[in-house]
There are 2 protein chains.
Amino acid sequence: MAEHTIRFEPDGREVRVAYGRTLLEAARQAGIDLETVCGGLGTCGKCTVELKDSRERVLACQYPVHRDLVVVIPEAARPIRQRILEEGVAVSHSAADPAVRKIFVQLPEPCLTDLASDWRRLREHLARAALGDKTESADRAPLEIPDQASLSLLRQLPGLLRAGQFSGTAVCHGSSVVAWEPGDTRQSLHGVAVDLGTTTMVLHLVDLRSGQVIQTSSRANPQIEFGDDVISRIQYASVHEGGLQRLQQKVIAALNELIRSVTAAAGLETRFVYEMTVAGNATMQHILLRVPVAHLAQAPYVSVFQDGQDVTAGELDLDIHPQGNVHVLPSIAAHVGGDTVAVALATDLGQGDAPRLALDLGTNGEILLGHRRRLLACSTAAGPAFEGARIAHGMRAATGAIEQVRLNEDVELTVIDEVAPAGICGSGLIDAVAELLRVGILSDTGRLLTGGDLPVSLPENLRRRLVTRDDQPAFLLVDADRTAHGRPIELTQRDIRELQLAKAAVAAGIDLLCRELGIAESEVQGMYLAGAFGNYVRPAGARRIGLIPPLPLDRIRAVGNAAGAGAVAILISRAARRRAADLGRAIEYVELAGRAAFQERFSERMLFPAAAAMDEFTAAD
Amino acid sequence: MAEHTIRFEPDGREVRVAYGRTLLEAARQAGIDLETVCGGLGTCGKCTVELKDSRERVLACQYPVHRDLVVVIPEAARPIRQRILEEGVAVSHSAADPAVRKIFVQLPEPCLTDLASDWRRLREHLARAALGDKTESADRAPLEIPDQASLSLLRQLPGLLRAGQFSGTAVCHGSSVVAWEPGDTRQSLHGVAVDLGTTTMVLHLVDLRSGQVIQTSSRANPQIEFGDDVISRIQYASVHEGGLQRLQQKVIAALNELIRSVTAAAGLETRFVYEMTVAGNATMQHILLRVPVAHLAQAPYVSVFQDGQDVTAGELDLDIHPQGNVHVLPSIAAHVGGDTVAVALATDLGQGDAPRLALDLGTNGEILLGHRRRLLACSTAAGPAFEGARIAHGMRAATGAIEQVRLNEDVELTVIDEVAPAGICGSGLIDAVAELLRVGILSDTGRLLTGGDLPVSLPENLRRRLVTRDDQPAFLLVDADRTAHGRPIELTQRDIRELQLAKAAVAAGIDLLCRELGIAESEVQGMYLAGAFGNYVRPAGARRIGLIPPLPLDRIRAVGNAAGAGAVAILISRAARRRAADLGRAIEYVELAGRAAFQERFSERMLFPAAAAMDEFTAAD
C-alpha cells in the first residue's frame with residue numbers, strides 16, 4: 001500500500017503513513033498530542049491544523065492522507081496543561097491505622113527438633129507477633145491474623161528467609177502476607193492514593209506510619225487523546241478492537257509515571273509502596289480494571305461492579321510492590337462513581353441530623369444530599385459549558401483564562417497566571433453572568449438587553465460593550481488589542497443559553513434531591529463545592545445565577561479535591577475504608593432520567609433567580 | 001560452532017547437534033526417551049547405547065559428540081512402561097458433597113427501577129439461591145454464600161449475562177464464583193483427582209454430582225528423564241538454570257495430556273472440569289507449584305509449605321476451567337507428603353482406638369501408625385531395591401518381570417504378562433528370599449548356604465541351582481535358554497544384602513513408631529499395604545523376611561492406590577477435605593535421622609526372622 005511522508009511543524013517530526021490514514025493518526029504516530037474533545041468524531045473542531053502549501057485549514061481527525069504533506073500545528077490544537085487541584089479537605093483521623101502493616105520477626109532456624117516448613121514457621125511467629133501487638137487499642141478494629149501466602153511469596157520465601165538469617169519484616173494486608181523483606185524494614189511503609197479523573201489524575205504518596213501525604217503529583221489523563229468525556233471513551237473502547245486495553249494501558253502508564261515521580265522525589269524505591277487506593281468515576285474505574293464499559297453508556301446504564309474491588313498490583317502492571325493491593329473505591333451507579341463516595345467520605349456526609357449537600361461539578365455534576373438517616377445521590381448531565389467547551393471564547397481553567405469578572409465603572413478581570421487573556425473558563429463565565437444580572441444587562445430569562453431596555457444608571461464604559469455579533473447581541477469582555485491572540489473576547493447570547501442549560505440541569509438535580517429528602521433548599525445546613533471548579537468559582541456568583549441554592553455564604557464551603565482526600569483517608573484508615581464500603585451500600589441513587597418531575601424542574605431552572613430574591617444576601621454576606 | 005549429524009537406530013531419526021553435546025541431549029532433541037535412573041550423572045549405566053561403526057558401548061549421558069555417528073539404542077536403554085496401579089480402596093462417603101457446585105439462577109434484567117450492577121445483581125440472587133438450597137442437610141457443613149468474583153469473571157460477566165438473557169448457571173467454589181455459564185449447565189459438573197508419583201501419575205475424572213470415577217488414565221512421570229528419584233530431580237532443579245521450571249512444565253504437559261485423554265473419552269470439554277486435587281510427595285507438590293526444592297534435600301530437610309494449597313488452574317496452565325481450583329494436599333514433612341496424608345485419609349487412620357499401620361513403599365517407605373489419640377509418621381530411605389534397582393537382574397514391575405517365586409521340587413515362577421522372564425521385580429525378590437529362607441538355603445544372617453550347610457532334604461533340582469558368580473554364591477532362578485535375553489537370571493549374595501538393607505530400614509522405622517506409640521508390633525490390629533508394591537507383594541513373603549511385623553494375614557490388607565483414592569475423596573467430599581487438613585496438622589512427624597535408636601534397630605533388623613518365630617503362622621494362615 002502507498003505511503004506518504006507527513007512532516008509536522010514547528011515540531012520538526014516526520015513520519016511515513018499509509019494512504020487513507022488521518023492526520024490525527026499520523027500525529028499520534030509522530031508522538032504529537034492533538035486536542036480531541038469529541039474523540040475524533042469531527043465535531044469539536046479543536047484539532048484544526050494547517051496544510052503548509054495550500055494554507056488550507058483542515059480537521060486532523062477527518063483529513064485523509066493522500067499525498068506528502070507539511071502540516072503546521074497551531075498552539076490551539078494542542079492539549080492545554082490544565083490547572084489541577086491537588087489539595088483536598090483534610091480528613092479527621094486520630095492516628096494512622098492503615099490496612100497494610102509491617103511485622104518484624106526473628107524466626108528460629110530449622111533444626112532436627114523443629115522441622116516446620118518455611119511458611120508454617122513464618123505464619124506461626126507472625127500470628128504470635130500479631131496477637132501481641134501492643135499498638136492495638138479500643139478504638140480500632142482487631143487486627144487480622146496474617147495466615148495467607150500467595151504462590152509468588154512461597155516461591156521467594158526459602159531464598160529470602162535464608163538471605164536474612166531468618167530475621168526479617170513481613171508486609172501484611174488483612175489476612176495475607178504480601179511480602180517478606182530480610183532485615184528490619186519497618187521504617188519504610190508507604191502507599192499511594194489516586195484521584196483518577198476523566199480529565200486529570202492526582203496521586204499522593206503517603207507515609208502509612210504517620211498518615212502524612214509526603215509527595216503529590218498530577219497530570220492530564222492521557223486518555224484524552226481518545227476523547228474528552230467518558231462517553232467518547234466508552235465509544236472508543238466499545239467500537240475499536242483492543243480499544244479498552246489501549247485505554248487501560250494509557251492510564252496505567254500515566255499512573256506509573258506519577259508513582260515513579262513521587263517516589264523518586266521522596267528517595268524511595270517503588271517496591272516500598274504496598275497499596276494504592278483509587279477514586280474515579282465508574283468509567284475510569286472500569287477502564288483501570290479493563291472491565292467492559294459499553295453498558296455504562298447504554299440505557300438503562302448499569303455498571304459491571306459497584307462494590308469496592310481489591311486487585312493485586314502485578315495483575316495490573318502497576319509499579320508498586322507487585323503483590324501490593326490496589327483498592328478501587330465502591331461506587332453507587334453507572335454515573336455516580338467511587339469519586340463521589342470519596343467526596344461523601346471526605347465531607348462526612350451521612351453523619352449528623354442536619355441535611356448537608358455536596359456538589360462535584362465537571363461535565364457531569366454529581367450531587368449528594370442527606371443526613372445520617374438517609375443519603376441520596378444523583379448525576380446530572382451539566383454538559384461541557386462549565387469546562388469552557390461550547391462557549392465561543394471558552395477554555396479550560398489554564399493560563400490565560402479569565403476566572404473572575406467584576407462589573408463596576410468598567411469590566412475588571414482576574415486572569416489565571418496574570419497574562420493577557422485568551423478566553424474564559426467556567427468560573428469566569430459564572431462570574432460574568434452573575435455580574436451582568438446584577439447590573440441589569442441581563443434579564444431573568446437570560447436575554448442580553450439592549451438600548452432602551454438597559455438601566456439608565458449603567459456606566460457608559462459598560463454600555464459601549466454591548467455589541468452585535470452574527471446578528472446576536474454579545475458583551476465585549478476584552479478588546480482585541482488587549483488579548484493574547486489579538487481577537488476580542490466576547491460573551492455571546494448563545495454562550496448565556498449554554499450556561500442556562502448547564503446550570504438548570506444542576507439546579508433541577510438539587511431541587512429533586514431536596515424534594516426526595518423532604519426538605520426545602522433553604523434548610524440545607526452545609527453545602528460543599530468539590531473539585532477544581534468548586535474551588536475556583538465564587539460561591540456568591542454561583543448562587544446569583546441559581547446554580548446552587550440561595551444559602552448564606554457561611555454555609556457554603558469549597559472543599560477542594562475531596563475525592564483525592566477521600567482516597568487518602570481510606571489508605572491510612574481502616575475505619576474510613578469500612579465507612580466507604582458502608583457509604584457504597586447506603587447511598588441511594590436517584591435516577592433523574594426516569595422522573596417526569598425532572599423535565600419540569602429543568603425548565604423552571606432555566607430562568608435566573610429574580611434580583612429581588614437575592615436582596616436578602618447582600619446585607620448578610 | 002561445529003555441528004555433527006547423529007542418527008539413531010532403530011528409530012531412524014536424525015538430528016544435527018553442536019560439538020560437545022552429549023548423546024543423551026542428542027536423543028532428547030530427536031524426541032527419543034532414554035532411561036536415566038541417576039539423572040544423567042553417569043552412575044546407573046541404564047543409558048548404555050552402541051556406536052554402530054565401532055560397536056563400542058558408551059553411556060549416552062557422558063559421551064560427547066565429536067563426529068558424525070550412527071547410534072543403536074538397545075531396548076534396555078529405553079524407559080520401561082511400568083504396570084501402574086490405578087485402583088484404590090473405595091472411600092466411604094454417604095453422598096457427593098464437593099467443594100464445587102453449580103447454582104442455576106434466572107436474574108431480572110436491569111431497568112430504570114433496578115439499576116444494580118451486573119455483579120451485585122448476580123451476587124444477590126446467588127446468595128438467595130444458596131440460602132434456599134434444599135439439598136443442604138444436617139450431616140453437611142453449611143454451604144458458603146458465594147460473594148467473591150475474580151477480575152477475570154468481572155471482565156466476562158456483562159457479555160455472558162446478556163448472551164444468556166440473564167439466565168444461567170454459576171459455578172461456585174466456597175465463597176468464590178468461578179464462572180458463569182449461560183443457560184442451565186447443571187448436568188455437567190466434573191473434577192479430576194491426581195496421584196502424582198515420582199515414577200507414575202494416575203488421573204481420575206470424577207462426576208461431582210454422583211461422586212463416581214468415570215474415567216481413569218495413567219502414564220509415566222516424564223520428569224524421569226531428569227532422574228528416577230526425587231533427589232536427582234531436586235539436584236537437577238537446583239543446579240540448572242531454569243531447571244525447576246523445566247520440571248514443572250514437563251509434569252504440567254503430562255497432566256494436560258491425561259486430562260485431555262479422560263475428557264475426550266467421556267465426550268466432555270475440559271472447561272467443564274472445575275477442580276483438580278493433587279496428592280504427591282512434597283517434592284512433586286513443590287515442583288508442580290514451581291516452589292524451590294533445594295532445601296528438601298539439604299539437612300535439616302524442610303519444605304517451603306506443608307499446608308494444603310489452593311491455586312487457580314490458569315496460574316499453572318492446567319487445562320481445566322482456567323478459573324478452576326487446584327487443591328494440593330497438605331503434607332507432613334519434607335519426606336512425608338500429600339500422598340501419605342491421602343493414604344491416611346483413604347485408610348481412615350487416626351480414627352478408632354485400635355492401633356493401625358499403613359506402609360506406602362517405593363524408593364522411600366512412608367509409614368503411618370496410630371489411633372484417634374495419636375498418629376505418627378516417618379519416612380525411611382529403603383533405597384531402590386524394592387523397585388528392582390541395584391539388583392543384578394532387577395527391573396521394575398513391568399512385562400517380563402518375575403513377580404512371584406515358589407520353591408517346591410523346583411523353582412515355580414509367575415511372570416508379569418506371562419512372557420519369557422527378563423528380570424525380577426521387588427515383589428518377586430521378596431518372594432524369592434522368603435522361599436530361600438523357608439527351604440533353608442538362606443541363613444538368618446542372610447548368607448546363601450552351600451555344600452554341607454544345606455539341609456539334607458533339599459530337592460536336587462534346587463541344590464543344583466546354587467552356583468558361583470564372580471567368586472560369590474548365587475541362586476539360579478532361570479536358565480539362560482528360558483529367559484527373554486538368553487542370559488541366566490540369578491539372585492546373587494550381593495542382591496540379598498541389598499534387600500536386607502532395604503527391609504531393615506523399613507522394619508526399623510515400624511519398630512521405632514511402635515515404641516514411640518508405646519505398643520508392641522503384635523498389637524497392631526490392621527496393617528495396610530499401599531501403592532503398587534503393596535498390591536503385588538505377597539503379605540506372607542513380606543512377613544517372612546521381616547519387612548512387616550509378624551501379624552496374622554487377616555490383619556494385613558493391600559489397599560491399592562490409596563493416595564489416588566484419597567485424592568478422589570477430597571474432590572467429592574468437603575468433609576474429607578477438612579479431615580485431610582486436620583490430618584495434616586495432627587500427624588506427628590518422627591525424624592528417624594535424629595534418633596540414635598534408629599541405627600541400633602536398623603542393625604538388628606538386618607537379620608531375617610528366625611524360622612522358629614514364623615512357625616505360629618503356618619497353621620493359622
# chains A, B, ... in the order shown; residues from 1 in each chain; ligands from 1
>>> closest_atom_pairs(of="chain B", to="chain A", cutoff="9 Å", atoms="only C-alpha atoms", output="CSV")
residue,atom,partner,partner_atom,distance
B:Pro110,CA,A:Pro300,CA,6.8
B:Cys111,CA,A:Pro300,CA,5.6
B:Leu112,CA,A:Pro300,CA,5.7
B:Thr113,CA,A:Gly594,CA,8.3
B:Asp114,CA,A:Pro300,CA,9.0
B:Leu115,CA,A:Val302,CA,5.8
B:Ala116,CA,A:Val302,CA,6.7
B:Ser117,CA,A:Ser303,CA,4.7
B:Asp118,CA,A:Val304,CA,4.6
B:Trp119,CA,A:Phe305,CA,5.3
B:Arg120,CA,A:Phe305,CA,6.7
B:Ser150,CA,A:Val311,CA,8.8
B:Leu151,CA,A:Leu289,CA,7.6
B:Ser152,CA,A:Val291,CA,8.7
B:Leu154,CA,A:Val291,CA,6.4
B:Arg155,CA,A:Val291,CA,4.6
B:Gln156,CA,A:Val291,CA,7.9
B:Leu157,CA,A:Val304,CA,7.4
B:Pro158,CA,A:Val304,CA,6.4
B:Gly159,CA,A:Pro292,CA,8.5
B:Leu289,CA,A:Leu151,CA,7.6
B:Arg290,CA,A:Arg155,CA,6.9
B:Val291,CA,A:Arg155,CA,4.6
B:Pro292,CA,A:Arg155,CA,6.2
B:Ala294,CA,A:Pro158,CA,9.0
B:His295,CA,A:Pro158,CA,7.9
B:Ala299,CA,A:Cys111,CA,8.1
B:Pro300,CA,A:Cys111,CA,5.6
B:Tyr301,CA,A:Leu115,CA,7.3
B:Val302,CA,A:Ser117,CA,5.3
B:Ser303,CA,A:Ser117,CA,4.7
B:Val304,CA,A:Asp118,CA,4.7
B:Phe305,CA,A:Ser117,CA,5.3
B:Gln306,CA,A:Ser117,CA,6.1
B:Asp307,CA,A:Arg120,CA,7.7
B:Gln309,CA,A:Leu151,CA,8.7
B:Val311,CA,A:Leu151,CA,7.6
B:Ile332,CA,A:Ala116,CA,8.8
B:Ala333,CA,A:Leu115,CA,7.3
B:Ala334,CA,A:Ser117,CA,8.0
B:Tyr589,CA,A:Leu115,CA,8.8
B:Glu591,CA,A:Leu112,CA,7.4
B:Ala593,CA,A:Leu112,CA,8.3
B:Gly594,CA,A:Leu112,CA,6.3
>>> select_by_dssp(residues="segment 459-572 of chain A", states="strand (DSSP E or B)", output="ChimeraX atom specification")
/A:466-469,472-478,489-492,526-530,556-560
>>> atom_distance(atom1="atom CA of Asp33 of chain A", atom2="atom CA of Ala254 of chain A")
14.5 Å
>>> residues_around(residues="Leu553 of chain A", least_positions_apart="2", cutoff="10 Å", atoms="only C-alpha atoms", output="count of residues only")
13
>>> atom_distance(atom1="atom CA of Asp195 of chain B", atom2="atom CA of Ala279 of chain B")
5.1 Å
>>> residues_around(residues="Gly423 of chain A", least_positions_apart="5", cutoff="12 Å", atoms="only C-alpha atoms", output="number ranges by chain")
A: 76, 387-389, 391-404, 413-416, 428-429, 476-480, 482-491
>>> write_last_selection(atoms="C-alpha atoms", output="mmCIF file, in the first residue's frame")
data_model
loop_
_atom_site.group_PDB
_atom_site.id
_atom_site.type_symbol
_atom_site.label_atom_id
_atom_site.label_comp_id
_atom_site.auth_asym_id
_atom_site.auth_seq_id
_atom_site.Cartn_x
_atom_site.Cartn_y
_atom_site.Cartn_z
ATOM 1 C CA ALA A 76 -4.763 25.893 19.952
ATOM 2 C CA GLU A 387 -15.318 23.391 31.443
ATOM 3 C CA GLY A 388 -15.306 26.111 28.796
ATOM 4 C CA ALA A 389 -16.484 23.976 25.910
ATOM 5 C CA ILE A 391 -18.610 28.642 24.678
ATOM 6 C CA ALA A 392 -17.398 30.966 21.895
ATOM 7 C CA HIS A 393 -14.283 32.018 23.806
ATOM 8 C CA GLY A 394 -14.427 29.237 26.333
ATOM 9 C CA MET A 395 -11.344 27.426 27.568
ATOM 10 C CA ARG A 396 -10.339 25.257 30.473
ATOM 11 C CA ALA A 397 -9.039 26.760 33.693
ATOM 12 C CA ALA A 398 -5.496 27.180 32.399
ATOM 13 C CA THR A 399 -3.019 30.035 31.902
ATOM 14 C CA GLY A 400 -4.751 32.970 30.223
ATOM 15 C CA ALA A 401 -8.277 32.035 31.267
ATOM 16 C CA ILE A 402 -10.491 34.758 32.735
ATOM 17 C CA GLU A 403 -11.539 33.256 36.060
ATOM 18 C CA GLN A 404 -13.228 36.218 37.765
ATOM 19 C CA LEU A 413 -10.912 40.792 35.337
ATOM 20 C CA THR A 414 -8.769 38.221 37.091
ATOM 21 C CA VAL A 415 -6.771 36.080 34.639
ATOM 22 C CA ILE A 416 -5.040 32.840 35.587
ATOM 23 C CA GLY A 428 -15.242 33.285 34.909
ATOM 24 C CA LEU A 429 -18.360 32.555 32.900
ATOM 25 C CA LEU A 476 -17.407 42.553 24.924
ATOM 26 C CA LEU A 477 -15.231 41.408 27.814
ATOM 27 C CA VAL A 478 -11.800 42.311 26.396
ATOM 28 C CA ASP A 479 -10.886 44.461 23.424
ATOM 29 C CA ALA A 480 -8.883 42.817 20.644
ATOM 30 C CA ARG A 482 -5.551 43.527 24.958
ATOM 31 C CA THR A 483 -5.960 39.769 24.327
ATOM 32 C CA ALA A 484 -3.309 37.119 23.807
ATOM 33 C CA HIS A 485 -4.447 36.374 20.267
ATOM 34 C CA GLY A 486 -5.456 39.818 19.030
ATOM 35 C CA ARG A 487 -9.133 38.977 18.679
ATOM 36 C CA PRO A 488 -11.812 40.383 21.027
ATOM 37 C CA ILE A 489 -13.156 38.156 23.821
ATOM 38 C CA GLU A 490 -16.923 38.327 23.989
ATOM 39 C CA LEU A 491 -19.759 36.647 25.792
#
>>> atom_distance(atom1="atom CA of Asp444 of chain B", atom2="atom CA of Phe608 of chain B")
4.8 Å
>>> closest_residue(among="B:Leu462, B:Met201, B:Val467, B:Ala163", to="Trp180 of chain B", atoms="only C-alpha atoms")
B:Ala163
